[in-house]
Each structure stands twice: as structure tokens, then as C-alpha cells.
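target_26.cif, holding mmCIF, C-alpha atoms and all ligand atoms:
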data_run
#
loop_
_atom_site.label_atom_id
_atom_site.label_comp_id
_atom_site.auth_asym_id
_atom_site.auth_seq_id
_atom_site.Cartn_x
_atom_site.Cartn_y
_atom_site.Cartn_z
CA MET A 141 -29.77 -39.94 29.73
CA SER A 142 -29.76 -41.36 33.24
CA LYS A 143 -32.37 -39.97 35.60
CA TYR A 144 -29.60 -39.75 38.18
CA ASN A 145 -27.99 -37.00 36.09
CA SER A 146 -31.16 -34.90 36.09
CA PRO A 147 -31.97 -32.50 38.92
CA HIS A 148 -35.60 -32.80 37.75
CA PHE A 149 -35.73 -36.62 38.04
CA LEU A 150 -36.33 -36.96 34.30
CA GLY A 151 -34.66 -39.51 32.03
CA PHE A 152 -33.83 -43.21 31.94
CA THR A 153 -33.83 -45.68 34.83
CA ALA A 154 -32.15 -49.00 34.06
CA GLN A 155 -33.35 -52.36 35.29
CA GLY A 156 -31.89 -52.94 38.73
CA ASP A 157 -31.96 -49.27 39.74
CA GLU A 158 -35.45 -49.37 41.22
CA LYS A 159 -36.57 -51.43 44.18
CA THR A 160 -39.98 -51.73 45.78
CA ASN A 161 -40.38 -53.41 49.16
CA ASN A 162 -36.71 -54.46 49.06
CA GLU A 163 -37.04 -56.40 45.83
CA VAL A 164 -35.66 -55.23 42.48
CA ASP A 165 -38.33 -54.26 39.97
CA LEU A 166 -37.89 -56.14 36.70
CA ARG A 167 -38.40 -53.09 34.52
CA GLU A 168 -36.75 -50.14 32.82
CA VAL A 169 -38.33 -46.70 32.61
CA PHE A 170 -38.16 -43.40 30.75
CA ASP A 171 -39.63 -40.39 32.62
CA PHE A 172 -40.75 -37.28 30.74
CA ALA A 173 -42.70 -34.21 31.85
CA THR A 174 -44.64 -31.29 30.51
CA GLY A 175 -42.93 -28.09 31.38
CA THR A 176 -40.82 -25.38 29.96
CA PRO A 177 -40.41 -25.58 26.20
CA GLY A 178 -37.19 -23.95 25.13
CA LYS A 179 -35.75 -23.88 28.63
CA THR A 180 -32.32 -25.50 28.61
CA LYS A 181 -31.10 -24.89 32.11
CA TYR A 182 -32.75 -24.44 35.50
CA ILE A 183 -31.40 -21.46 37.37
CA ARG A 184 -32.94 -20.89 40.76
CA GLY A 185 -34.78 -17.57 40.90
CA PRO A 186 -34.84 -15.40 44.04
CA THR A 187 -38.47 -16.31 44.85
CA ASP A 188 -38.27 -19.99 43.88
CA ARG A 189 -39.05 -22.69 46.39
CA ASP A 190 -36.96 -25.90 46.51
CA TYR A 191 -39.60 -27.80 44.52
CA ASN A 192 -39.21 -25.54 41.49
CA VAL A 193 -36.24 -27.70 40.59
CA LEU A 194 -38.75 -30.38 39.52
CA VAL A 195 -39.58 -28.39 36.40
CA GLY A 196 -36.94 -28.58 33.72
CA GLN A 197 -35.62 -30.03 30.56
CA ASN A 198 -36.47 -33.56 29.43
CA GLN A 199 -33.63 -35.85 28.43
CA TRP A 200 -34.47 -37.19 24.96
CA PRO A 201 -33.10 -40.43 23.51
CA ASP A 202 -31.01 -40.22 20.33
CA PRO A 203 -33.37 -39.52 17.36
CA ASN A 204 -31.21 -41.82 15.22
CA VAL A 205 -32.28 -44.65 17.48
CA VAL A 206 -35.89 -43.79 18.34
CA GLY A 207 -36.87 -41.80 15.22
CA THR A 208 -37.03 -38.08 14.57
CA ASP A 209 -40.70 -37.81 15.51
CA PHE A 210 -40.24 -39.36 18.97
CA GLN A 211 -40.09 -36.08 20.89
CA ASP A 212 -43.15 -34.59 19.15
CA THR A 213 -45.08 -37.84 19.66
CA ILE A 214 -44.39 -37.88 23.40
CA MET A 215 -45.33 -34.20 23.80
CA GLU A 216 -48.51 -34.74 21.80
CA TYR A 217 -49.41 -37.84 23.81
CA MET A 218 -49.08 -35.84 27.04
CA SER A 219 -51.21 -33.07 25.57
CA CYS A 220 -53.95 -35.58 24.57
CA MET A 221 -53.77 -37.21 28.01
CA ARG A 222 -54.18 -33.81 29.56
CA ASP A 223 -57.49 -33.50 27.68
CA VAL A 224 -58.58 -36.93 28.92
CA TYR A 225 -57.60 -35.91 32.46
CA ARG A 226 -59.59 -32.67 32.19
CA GLY A 227 -62.62 -34.73 31.11
CA VAL A 228 -62.19 -36.93 34.20
CA LEU A 229 -62.00 -33.84 36.44
CA THR A 230 -65.32 -32.64 35.04
CA LEU A 231 -66.86 -36.07 35.67
CA LEU A 232 -65.52 -36.05 39.23
CA GLU A 233 -67.00 -32.61 39.85
CA SER A 234 -70.44 -33.83 38.91
CA ALA A 235 -70.09 -37.22 40.64
CA LEU A 236 -69.05 -35.59 43.92
CA GLY A 237 -71.41 -32.63 43.61
CA LEU A 238 -68.57 -30.09 43.54
CA PRO A 239 -68.93 -26.61 42.05
CA ARG A 240 -68.31 -26.48 38.32
CA ASN A 241 -64.61 -25.87 37.49
CA SER A 242 -63.48 -26.31 41.11
CA LEU A 243 -61.27 -29.26 40.07
CA LEU A 244 -60.72 -28.17 36.49
CA GLU A 245 -59.04 -25.01 37.72
CA LEU A 246 -56.34 -27.20 39.25
CA ASP A 247 -55.02 -27.83 35.76
CA SER A 248 -53.25 -24.50 35.28
CA PRO A 249 -50.28 -23.54 33.10
CA SER A 250 -47.96 -24.19 36.05
CA THR A 251 -49.23 -27.75 36.46
CA GLN A 252 -46.61 -30.37 35.69
CA HIS A 253 -47.73 -33.72 34.29
CA ARG A 254 -45.38 -36.66 33.99
CA LEU A 255 -45.24 -39.66 31.66
CA LYS A 256 -43.49 -42.99 32.11
CA LEU A 257 -42.69 -45.37 29.27
CA VAL A 258 -42.12 -48.72 30.90
CA LYS A 259 -40.75 -52.06 29.70
CA TYR A 260 -41.32 -55.08 31.96
CA PHE A 261 -39.01 -58.04 31.46
CA PRO A 262 -40.27 -61.64 31.67
CA THR A 263 -40.09 -63.51 34.97
CA ARG A 264 -36.59 -64.66 35.96
CA THR A 265 -36.65 -67.12 38.80
CA SER A 266 -32.95 -66.48 39.51
CA TYR A 267 -33.75 -62.83 40.26
CA GLY A 268 -34.93 -61.71 43.69
CA PRO A 269 -37.27 -63.57 46.06
CA THR A 270 -40.07 -64.00 43.49
CA GLY A 271 -38.40 -63.20 40.18
CA SER A 272 -41.74 -61.91 38.94
CA GLN A 273 -41.95 -58.43 40.42
CA GLY A 274 -42.53 -55.99 37.55
CA VAL A 275 -43.14 -53.31 40.14
CA GLY A 276 -43.91 -54.21 43.73
CA ALA A 277 -47.03 -53.32 45.70
CA HIS A 278 -47.24 -49.55 46.15
CA GLN A 279 -49.45 -46.50 46.08
CA ASP A 280 -48.51 -43.66 43.75
CA GLU A 281 -46.68 -41.41 46.18
CA THR A 282 -46.03 -38.79 43.54
CA GLY A 283 -49.51 -39.18 42.25
CA TRP A 284 -52.73 -37.27 42.04
CA LEU A 285 -54.49 -39.32 39.36
CA THR A 286 -52.63 -41.91 37.25
CA PHE A 287 -53.73 -43.25 33.86
CA VAL A 288 -52.27 -46.63 32.86
CA ASN A 289 -52.33 -47.79 29.25
CA GLU A 290 -51.25 -51.40 28.74
CA VAL A 291 -49.75 -51.40 25.28
CA ASP A 292 -49.47 -55.10 24.61
CA LYS A 293 -50.38 -57.32 27.56
CA PRO A 294 -52.03 -57.24 30.99
CA GLY A 295 -50.15 -57.28 34.29
CA LEU A 296 -51.54 -54.46 36.43
CA GLN A 297 -53.22 -55.74 39.59
CA VAL A 298 -55.04 -53.88 42.36
CA HIS A 299 -55.48 -54.91 45.94
CA MET A 300 -58.94 -55.00 47.45
CA ARG A 301 -59.02 -53.01 50.68
CA ASN A 302 -61.09 -55.46 52.62
CA GLY A 303 -59.36 -58.63 51.68
CA THR A 304 -56.14 -60.27 50.63
CA GLU A 305 -56.95 -60.64 46.97
CA TRP A 306 -55.07 -59.13 44.06
CA LEU A 307 -57.31 -58.50 41.07
CA GLU A 308 -56.19 -58.25 37.47
CA VAL A 309 -57.37 -54.94 35.97
CA PRO A 310 -59.10 -55.60 32.65
CA ILE A 311 -57.87 -52.49 30.84
CA GLY A 312 -57.57 -53.75 27.27
CA LYS A 313 -55.50 -52.11 24.56
CA ASN A 314 -57.61 -49.03 23.96
CA GLY A 315 -58.38 -47.87 27.46
CA TRP A 316 -56.79 -46.67 30.65
CA GLY A 317 -56.78 -47.91 34.19
CA LEU A 318 -57.18 -45.00 36.62
CA ASN A 319 -55.31 -45.09 39.93
CA VAL A 320 -55.99 -42.71 42.78
CA GLY A 321 -52.69 -41.38 44.17
CA LYS A 322 -51.63 -40.38 47.68
CA ALA A 323 -52.11 -36.67 46.96
CA PHE A 324 -55.76 -37.31 46.10
CA GLU A 325 -56.21 -39.37 49.25
CA ARG A 326 -54.73 -36.54 51.29
CA ALA A 327 -56.89 -33.93 49.54
CA THR A 328 -60.01 -35.89 50.44
CA CYS A 329 -58.83 -36.47 54.03
CA SER A 330 -58.64 -40.21 53.23
CA LEU A 331 -62.31 -40.45 52.27
CA ILE A 332 -61.11 -41.66 48.89
CA HIS A 333 -58.17 -44.02 49.26
CA ALA A 334 -55.05 -44.31 47.14
CA THR A 335 -55.08 -47.55 45.14
CA LEU A 336 -52.60 -50.21 46.26
CA HIS A 337 -51.32 -51.80 43.06
CA ARG A 338 -48.48 -53.79 41.48
CA VAL A 339 -47.40 -55.23 38.14
CA GLN A 340 -46.67 -58.91 37.68
CA SER A 341 -43.92 -59.71 35.18
CA PRO A 342 -44.91 -61.57 32.02
CA PRO A 343 -44.29 -65.35 32.17
CA ALA A 344 -40.70 -66.61 31.77
CA ASN A 345 -39.51 -66.86 28.15
CA SER A 346 -42.36 -64.71 26.83
CA THR A 347 -42.06 -61.23 25.34
CA PRO A 348 -41.79 -58.11 27.56
CA ARG A 349 -44.80 -56.02 28.59
CA HIS A 350 -44.93 -52.30 27.75
CA SER A 351 -47.05 -49.66 29.40
CA ILE A 352 -47.52 -45.91 29.10
CA VAL A 353 -48.35 -44.29 32.41
CA PHE A 354 -49.56 -40.69 32.65
CA PHE A 355 -49.27 -39.09 36.07
CA ALA A 356 -51.64 -36.13 36.08
CA GLY A 357 -50.26 -33.55 38.47
CA LEU A 358 -51.22 -30.34 40.22
CA PRO A 359 -49.65 -26.89 40.30
CA LEU A 360 -46.52 -27.36 42.42
CA GLU A 361 -47.50 -24.45 44.67
CA GLN A 362 -50.96 -25.93 45.39
CA SER A 363 -51.41 -26.37 49.14
CA TYR A 364 -53.11 -29.40 50.65
CA THR A 365 -55.16 -27.04 52.78
CA SER A 366 -56.68 -25.49 49.66
CA LEU A 367 -57.36 -28.94 48.18
CA GLN A 368 -59.10 -30.09 51.33
CA ALA A 369 -61.21 -26.94 51.27
CA ILE A 370 -62.39 -27.83 47.74
CA PHE A 371 -63.41 -31.37 48.71
CA ALA A 372 -65.07 -30.14 51.91
CA GLN A 373 -67.71 -28.64 49.60
CA SER A 374 -68.79 -32.11 48.49
CA LYS A 375 -72.06 -33.08 50.10
CA ILE A 376 -71.45 -36.63 48.93
CA LEU A 377 -68.09 -36.93 50.69
CA MET A 378 -69.63 -35.21 53.67
CA ALA A 379 -72.39 -37.85 53.72
CA MET A 380 -69.75 -40.60 53.62
CA LYS A 381 -68.02 -38.98 56.56
CA HIS A 382 -71.28 -38.72 58.48
CA ARG A 383 -72.00 -42.36 57.79
CA ASP A 384 -68.52 -43.45 58.87
CA ASP A 385 -68.10 -41.24 61.92
CA ASN A 386 -71.60 -39.94 62.62
CA LEU A 387 -70.33 -36.36 62.65
CA SER A 388 -72.30 -33.19 62.02
CA SER A 389 -71.10 -30.86 59.27
CA THR A 390 -69.55 -28.51 61.82
CA GLU A 391 -67.77 -31.36 63.55
CA TYR A 392 -66.58 -32.66 60.23
CA LEU A 393 -65.09 -29.28 59.34
CA GLN A 394 -63.39 -29.19 62.74
CA GLU A 395 -61.93 -32.64 62.05
CA LEU A 396 -60.76 -31.42 58.70
CA GLY A 397 -59.09 -28.45 60.37
CA LYS A 398 -57.20 -30.78 62.72
CA LEU A 399 -55.94 -32.84 59.82
CA VAL A 400 -54.82 -29.76 57.96
CA VAL A 401 -52.95 -28.39 60.96
CA GLY A 402 -51.38 -31.77 61.62
CA GLU A 403 -49.90 -32.14 58.17
CA GLY A 404 -46.45 -30.77 58.95
CA ALA A 405 -43.90 -29.39 56.57
CA ASP A 406 -45.02 -31.00 53.29
CA ASP A 407 -47.61 -28.33 52.76
CA THR A 408 -47.73 -28.11 48.99
CA PHE A 409 -48.00 -30.64 46.19
CA GLY A 410 -44.54 -29.54 45.01
CA SER A 411 -42.86 -30.05 48.37
CA SER A 412 -44.41 -33.49 48.88
CA GLN A 413 -43.36 -34.44 45.32
CA LEU A 414 -39.82 -33.31 45.89
CA SER A 415 -39.42 -35.12 49.18
CA MET A 416 -40.85 -38.29 47.62
CA TRP A 417 -38.37 -38.16 44.72
CA GLN A 418 -35.52 -37.47 47.14
CA ARG A 419 -36.54 -40.38 49.34
CA SER A 420 -36.95 -42.77 46.46
CA TYR A 421 -33.52 -41.89 45.07
CA ASN A 422 -32.00 -41.65 48.49
CA THR A 423 -30.30 -38.51 47.28
CA LYS A 424 -30.75 -34.79 47.23
CA PRO A 425 -31.31 -33.10 43.88
CA ARG A 426 -28.11 -31.85 42.38
CA ALA A 427 -27.13 -28.19 42.50
CA ALA A 428 -30.13 -26.13 41.48
CA ASN A 429 -28.28 -24.68 38.51
CA ALA A 430 -27.21 -28.04 37.07
CA THR A 431 -28.24 -28.72 33.50
CA GLY A 432 -30.99 -31.26 32.99
O1 LIG B 1 -46.98 -50.05 34.28
C1 LIG B 1 -48.04 -50.14 34.90
O2 LIG B 1 -49.00 -50.81 34.50
C2 LIG B 1 -48.19 -49.44 36.23
C3 LIG B 1 -46.94 -48.76 36.69
C4 LIG B 1 -47.03 -48.12 38.03
O3 LIG B 1 -47.86 -48.45 38.84
C5 LIG B 1 -46.11 -47.04 38.39
O4 LIG B 1 -45.10 -46.83 37.69
O5 LIG B 1 -46.36 -46.35 39.40
FE FE B 2 -48.03 -47.01 40.38
#
Represent the structure contained in this file as C-alpha cells.
Amino acid sequence: MSKYNSPHFLGFTAQGDEKTNNEVDLREVFDFATGTPGKTKYIRGPTDRDYNVLVGQNQWPDPNVVGTDFQDTIMEYMSCMRDVYRGVLTLLESALGLPRNSLLELDSPSTQHRLKLVKYFPTRTSYGPTGSQGVGAHQDETGWLTFVNEVDKPGLQVHMRNGTEWLEVPIGKNGWGLNVGKAFERATCSLIHATLHRVQSPPANSTPRHSIVFFAGLPLEQSYTSLQAIFAQSKILMAMKHRDDNLSSTEYLQELGKLVVGEGADDTFGSSQLSMWQRSYNTKPRAANATG
């Protein structure tokens, strides 16, 4: 069940296995993904890129422990979240003045979405420098757009860009907090910033906090160049850029071109995802034909 046994980075991460900013995160996590129903083993095809290893079999907990409907429930939850995500893409298209379907088309059959079920343990002063780090301050490196559902209690906080304050996010039980991930920031040439956020552990001696976090993804083969070209069509983002830098449209497009050229080897969503997972596990994925 351990995520360390999965070449796709899917499965269980025990408390103590994850650190953020050099402090252990007081949480345990299950990672699941949408993907290849029926596929039991990833075998690298002749035209596959390295990142194709990200798509593979989920590791499911024992149905005798979690119930026989667990697997169907998780898959259905991801399917419902995909609908919510598609609604948000449509709203973004109209808010940014983008052509209809320009973002919606990014949700294709080859798009992989991921889900985390997370349990945050109460504060333990004997543990780490603060003893209250559910997950430390970070931006979603793997992320495009992230939907956070707080199942039973608050804890998610976001950092205001122009200050030092951490603000509690008032999500409530029946809603989602929406975080902008690094991939979105990169696609918009940093005109829309990735949210810096963290989770504070529940108070000592209280009950744990649970959250369900849906990481909406992109097709793994999607290039950042193509994403930047989509957002370059937004007159609203363009106006923000003009306001910030006083550039003409032509100059802005030239700037965009420089950024695109300067991006280096991580040229697709899949390759940036893979290198992030490898960095965070400080390991290379196992042999491409390993079972998940
Ligand atoms: O559990 C939460 O509320 C947020 C978790 C989170 O930020 C993450 O796993 O990236
Ligand atoms: Fe996050």
C-alpha cells in the first residue's frame, strides 16, 4: 500500500514520511488518481515519454477494513469533482475573456486528476520545532487547480502576498477552497500567482482533522508553451500586464516568448509533474515495468 512501492506515486504515506520546510508534517495521506481502468501493470511503450509512468494502477486499501464500496465511492467522487472543475474552467473562460472551450478542452481523456484523503493529527509539542505543522507552507508544485474540502474542521490557511499574515480560509463543510497551483502560475506567466498555503494541526488532545483534496490536472503531454498561448488571448490579463509593466501588446507577446524560451527542460505538464514527484521523494521512479 505504501506510495514508495508505486512507480506512479499512488498509495499510502505514513505520518513521518513527509516533510515540508524541514519539519515533519503531522499527517497521513492516501493518494489516488483517475486513469486506466482495468490496467494492472505499466509497461513502457516505444513512444512513451518518462512521465507516462505517472499513469497507472491505484493501490486500494483492504475492502474488509474500509468497506466494499470504498473504491467505487472514490472513483465517483473524482468523477463529480471533475464536473465541478469543468464548471470552474467555464467560469474562468468568461472571467478572463478567453474563447469558449479554450480551457475546457484541457480536460481531455488523457488528463490525470489526483485525489488525496488526508488525516491531520492533533498538535504534539514534543514533535518538531512547532509540533503543530499539519502541512508546512507551500505552493502546490504538482498543481494546476486544487479543490480542498474540509470534512470536519478548519485548518487551511493562506498567506497574503503583500503582508505577513496567515488567514484562515472559511470553507465550511459543504464547499471547497480553490488553490491556484504552480502550473497555473506558469501558464499565466505569473500574472496569476500560486497560492502559498499551509494547514495548522488541530489543538492538542482534540480529534484529528480530515480533508479531501482534489488536484485537477492537465493532459501530461500539454506543453507550457501551448498553455501560455491560450492565456495570451486574454485581454484582461493583457491589461494587467500593461498596468504592471506598461507594455504594448506586441511587447507583451515578445516578453511571453522570452519566458517560454527560457523555461528549460520541463516543457510539459507531465515532465514537470514527474520531476516534482521525484524531487519530493528524493528518488527515481522504479523500473517502468514495475507493478503499481
Ligand atoms: O488538507 C488541506 O486542507 C490542504 C492540503 C494541501 O495543501 C496539500 O496537500 O497540498
Ligand atoms: Fe497544498
- Message: Hey, which residues sit close to ligand LIG 1 (chain B)? Say within 10 Å, counting only C-alpha atoms and all ligand atoms, and write them as a VMD selection string.
- Response: chain A and resid 167 169 171 255 to 260 274 to 283 286 to 291 293 to 298 309 311 316 to 317 319 321 335 to 340 349 to 355
- By how many Å are atom CA of Gln155 of chain A and atom CA of Gly410 of chain A apart?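 Result for atom CA of Gln155 of chain A versus atom CA of Gly410 of chain A: 27.2 Å, one decimal.
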- Close residues, segment 250-252 of chain A itself excluded, 6 Å, only C-alpha atoms, min 5 positions apart in chain, as an MDAnalysis selection string: chainID A and resid 174 357:359
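Considering the residues A:Ile214, A:Met380, A:Val164, A:Leu285 and counting only C-alpha atoms and all ligand atoms, ligand FE 2 (chain B) has its shortest atom-to-atom contact with A:Leu285.
Take the candidates A:Trp306, A:Ala369, A:Val320, A:Leu238 and check each one against ligand FE 2 (chain B) using all atoms listed in the file; the shortest distance goes to A:Val320.
Rounded to one decimal, atom CA of Arg264 of chain A and atom CA of Pro348 of chain A lie 11.9 Å from each other.
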- Determine the nearest neighbour of ligand FE 2 (chain B) from the options A:Gly151, A:Gly271, A:Thr160, A:Glu391, counting all atoms listed in the file.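 For ligand FE 2 (chain B), the nearest of the given residues is A:Thr160.
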- Item | Which of A:Ala334, A:Met215, A:Ala323, A:Ile370 sits closest to Asn241 of chain A [using all atoms listed in the file] |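 Using all atoms listed in the file, Asn241 of chain A sits closest to A:Ile370.
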- Query: If you measure from atom CA of Gln362 of chain A to atom CA of Arg189 of chain A, what distance in Å do you get, rounded to one decimal?
  - Reply: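 Computing it gives 12.4 Å between the two atoms.
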